[in-house]
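The block underneath contains the structure these notes are about, expressed in structure tokens.
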Amino acid sequence: MRPSDPARRRSGRRAAHRTEPAAAPERLQKALSQAGLASRREAEDWIRAGRLSVNGRPATLGMKVVPADEVRLDGRLIRQRESQSGGRTFIYHRSSGESLDKPATDEVDAVALFSRLPRRAGRRFVVVSPMPRIDGGLELICGDGELAWRLQRSVRRWISGFSVRIRGELTESQLQGILTGMLDSGERLQVLGCEGSGGEAANRWYALTVQGASGKEARQLFERQGALVSRVMRTRLGALALDRSLARGHFRALEPRELDGLLSAESLP
């Protein structure tokens with residue numbers, strides 16, 4: 001076998017000591033949003049207010065940082081985290097009346113949802129288009145501030161489904177009024193359908209399908225027609241839907257394909 005020449009041996013030694021490339025610097029506000037600590041806009045406000053420092057020096061707009069940098073907010077150390085995916089966004093089946101950041105009951109063993117989410121998912125969670133506390137159903141929770149902002153911007157393009165419980169039955173006139181999609185503000189939503197879905201005693205459930213509506217607006221569509229609404233449960237949000245596999249009070253991480261569906265141009269069927 002032909003012996004290696006000295007240059008080749010030196011080259012081999014250099015390759016053996018080669019390390020992985022360092023993480024590329026990112027703008028400070030982007031790094032904080034990816035860590036789930038703030039949206040980019042919030043981070044920019046902190047920088048302008050002089051609340052952030054990097055390695056002991058006041059932060060400036062446009063400043064770039066790497067994970068090894070020491071970032072502090074009001075003097076308190078902030079630990080940056082590498083950008084994550086998949087497990088950072090969750091679907092949750094919330095009970096009516098339950099607060100996400102406080103225990104749902106006064107029981108000693110009751111634990112707030114946010115404290116039950118995986119620590120690796122982030123330190124700050126944002127609920128995208130949250131349902132009013134009096135109502136419940138499907139909630140979308142994100143530990144990435146920048147991603148949450150992108151999702152929130154898309155909500156008005158998504159089709160949502162709600163299950164609405166009222167006392168009595170809608171008259172034909174009330175039903176037609178709901179289908180117009182008119183809100184108190186004068187804005188008009190695109191209502192794709194509203195039909196009875198059963199009930200018991202004096203209560204009746206209606207399945208509402210509408211584009212770009214929040215839980216508050218779904219309730220308002222019925223109340224504008226004089227209906228007495230007792231419960232609104234969101235059953236669908238964009239490409240996501242509640243199913244029987246997700247029991248009330250439970251959550252699961254979104255799969256990459258589900259998140260891609262939400263981030264697609266329209267997230268429509």
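Residue numbers start at 1 in each chain; chains themselves are named A, B, ... in the order of the structure tokens; ligands are numbered from 1 in the order shown.
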Inset, instruction - List the neighbours of Ala38 in chain A out to 9 Å using only C-alpha atoms; skip same-chain residues closer than 6 positions along the sequence, and give me the result as a ChimeraX atom specification. - result: /A:29,32,124,144-146
Selected residues written out, N, CA and C atoms, as a PDB file, in the first residue's frame:
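Wrote result.pdb, looks like this:
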ATOM      1  N   GLN A  29     -35.077  40.419  18.064  1.00  0.00           N
ATOM      2  CA  GLN A  29     -36.523  40.261  18.204  1.00  0.00           C
ATOM      3  C   GLN A  29     -37.007  38.931  17.633  1.00  0.00           C
ATOM      4  N   LEU A  32     -36.116  36.121  20.215  1.00  0.00           N
ATOM      5  CA  LEU A  32     -37.026  36.113  21.359  1.00  0.00           C
ATOM      6  C   LEU A  32     -38.390  35.534  20.988  1.00  0.00           C
ATOM      7  N   ARG A 124     -43.496  30.826  27.161  1.00  0.00           N
ATOM      8  CA  ARG A 124     -44.609  31.764  27.043  1.00  0.00           C
ATOM      9  C   ARG A 124     -45.546  31.213  25.983  1.00  0.00           C
ATOM     10  N   ASP A 144     -44.469  29.513  20.337  1.00  0.00           N
ATOM     11  CA  ASP A 144     -43.568  30.287  19.482  1.00  0.00           C
ATOM     12  C   ASP A 144     -44.285  31.583  19.132  1.00  0.00           C
ATOM     13  N   GLY A 145     -43.803  32.706  19.672  1.00  0.00           N
ATOM     14  CA  GLY A 145     -44.482  33.981  19.465  1.00  0.00           C
ATOM     15  C   GLY A 145     -44.616  34.367  18.007  1.00  0.00           C
ATOM     16  N   GLU A 146     -43.561  34.151  17.225  1.00  0.00           N
ATOM     17  CA  GLU A 146     -43.603  34.506  15.811  1.00  0.00           C
ATOM     18  C   GLU A 146     -44.600  33.632  15.063  1.00  0.00           C
TER      19      GLU A 146
END
Legend entry - Residues within 7 Å of Asp135 in chain A, only C-alpha atoms, excluding chain neighbours under 6 positions, as a ChimeraX atom specification: /A:96-97,231-233
Legend entry - DSSP strand (DSSP E or B) selection over range 152-257 of chain A, as a ChimeraX atom specification: /A:159-167,182,188,190-200,203-211,229-237,240-241,251-253
I want to know what sits within 12 Å of Arg165 in chain A, based on only C-alpha atoms, with residues of the same chain fewer than 4 positions away left out; could you give that as a short mmCIF file (atom, residue, chain, number, x, y, z; two decimals) with N, CA and C atoms, in the first residue's frame?
data_model
loop_
_atom_site.label_atom_id
_atom_site.label_comp_id
_atom_site.auth_asym_id
_atom_site.auth_seq_id
_atom_site.Cartn_x
_atom_site.Cartn_y
_atom_site.Cartn_z
N ASP A 135 -67.41 29.96 27.22
CA ASP A 135 -67.59 28.90 26.23
C ASP A 135 -66.38 27.96 26.23
N GLU A 169 -86.27 26.65 19.79
CA GLU A 169 -85.84 26.46 18.41
C GLU A 169 -85.85 27.79 17.66
N LEU A 170 -84.99 27.87 16.67
CA LEU A 170 -84.95 29.07 15.82
C LEU A 170 -86.16 29.08 14.90
N GLU A 195 -77.62 24.72 10.90
CA GLU A 195 -78.71 23.75 10.91
C GLU A 195 -78.80 23.06 12.27
N GLY A 196 -79.98 22.59 12.61
CA GLY A 196 -80.20 21.92 13.87
C GLY A 196 -79.40 20.64 13.97
N SER A 197 -78.91 20.36 15.19
CA SER A 197 -78.11 19.14 15.39
C SER A 197 -78.53 18.39 16.65
N GLY A 198 -79.83 18.50 16.99
CA GLY A 198 -80.34 17.75 18.13
C GLY A 198 -80.52 18.61 19.36
N GLY A 199 -80.87 17.96 20.45
CA GLY A 199 -81.08 18.66 21.71
C GLY A 199 -81.87 17.81 22.67
N GLU A 200 -82.10 18.37 23.83
CA GLU A 200 -82.85 17.66 24.84
C GLU A 200 -83.68 18.67 25.64
N ALA A 201 -84.85 18.24 26.09
CA ALA A 201 -85.77 19.10 26.85
C ALA A 201 -86.01 20.39 26.07
N ALA A 202 -85.78 21.54 26.73
CA ALA A 202 -86.06 22.82 26.08
C ALA A 202 -84.87 23.36 25.30
N ASN A 203 -83.74 22.65 25.35
CA ASN A 203 -82.53 23.13 24.69
C ASN A 203 -82.34 22.49 23.32
N ARG A 204 -81.83 23.28 22.39
CA ARG A 204 -81.54 22.79 21.05
C ARG A 204 -80.14 23.20 20.64
N TRP A 205 -79.45 22.28 19.93
CA TRP A 205 -78.10 22.56 19.43
C TRP A 205 -78.17 22.87 17.94
N TYR A 206 -77.31 23.82 17.53
CA TYR A 206 -77.21 24.16 16.11
C TYR A 206 -75.74 24.12 15.69
N ALA A 207 -75.50 23.57 14.52
CA ALA A 207 -74.14 23.51 13.96
C ALA A 207 -73.95 24.70 13.03
N LEU A 208 -73.02 25.56 13.39
CA LEU A 208 -72.74 26.78 12.62
C LEU A 208 -71.40 26.65 11.92
N ALA A 218 -69.55 34.28 16.92
CA ALA A 218 -70.50 33.19 16.70
C ALA A 218 -71.70 33.34 17.63
N ARG A 219 -71.43 33.65 18.88
CA ARG A 219 -72.52 33.87 19.85
C ARG A 219 -73.37 35.08 19.43
N PHE A 222 -76.25 34.68 16.88
CA PHE A 222 -77.50 34.14 17.41
C PHE A 222 -78.22 35.16 18.28
N GLU A 223 -77.47 35.84 19.14
CA GLU A 223 -78.10 36.78 20.06
C GLU A 223 -78.71 37.97 19.35
N ALA A 227 -82.08 35.00 20.12
CA ALA A 227 -81.92 33.66 20.68
C ALA A 227 -81.21 33.73 22.03
N LEU A 228 -81.65 32.92 22.98
CA LEU A 228 -81.03 32.85 24.29
C LEU A 228 -79.96 31.76 24.25
N VAL A 229 -78.70 32.17 24.14
CA VAL A 229 -77.57 31.25 23.99
C VAL A 229 -77.02 30.85 25.35
N SER A 230 -76.89 29.56 25.57
CA SER A 230 -76.34 29.07 26.84
C SER A 230 -74.95 28.48 26.70
N ARG A 231 -74.56 28.09 25.50
CA ARG A 231 -73.25 27.45 25.31
C ARG A 231 -72.80 27.57 23.86
N VAL A 232 -71.51 27.87 23.66
CA VAL A 232 -70.90 27.85 22.34
C VAL A 232 -69.63 27.02 22.44
N MET A 233 -69.52 25.97 21.64
CA MET A 233 -68.34 25.12 21.63
C MET A 233 -67.74 25.13 20.23
N ARG A 234 -66.46 25.46 20.12
CA ARG A 234 -65.82 25.43 18.80
C ARG A 234 -65.42 23.99 18.49
#
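With only C-alpha atoms as the atoms that count, the residue of A:Val210, A:Leu138, A:Glu217, A:Val191 with the shortest distance to Arg248 in chain A is A:Leu138.
Closest approach to Ala59 in chain A among A:Leu28, A:Leu242, A:Leu37, A:His250 is made by A:Leu28 (distances from only C-alpha atoms).
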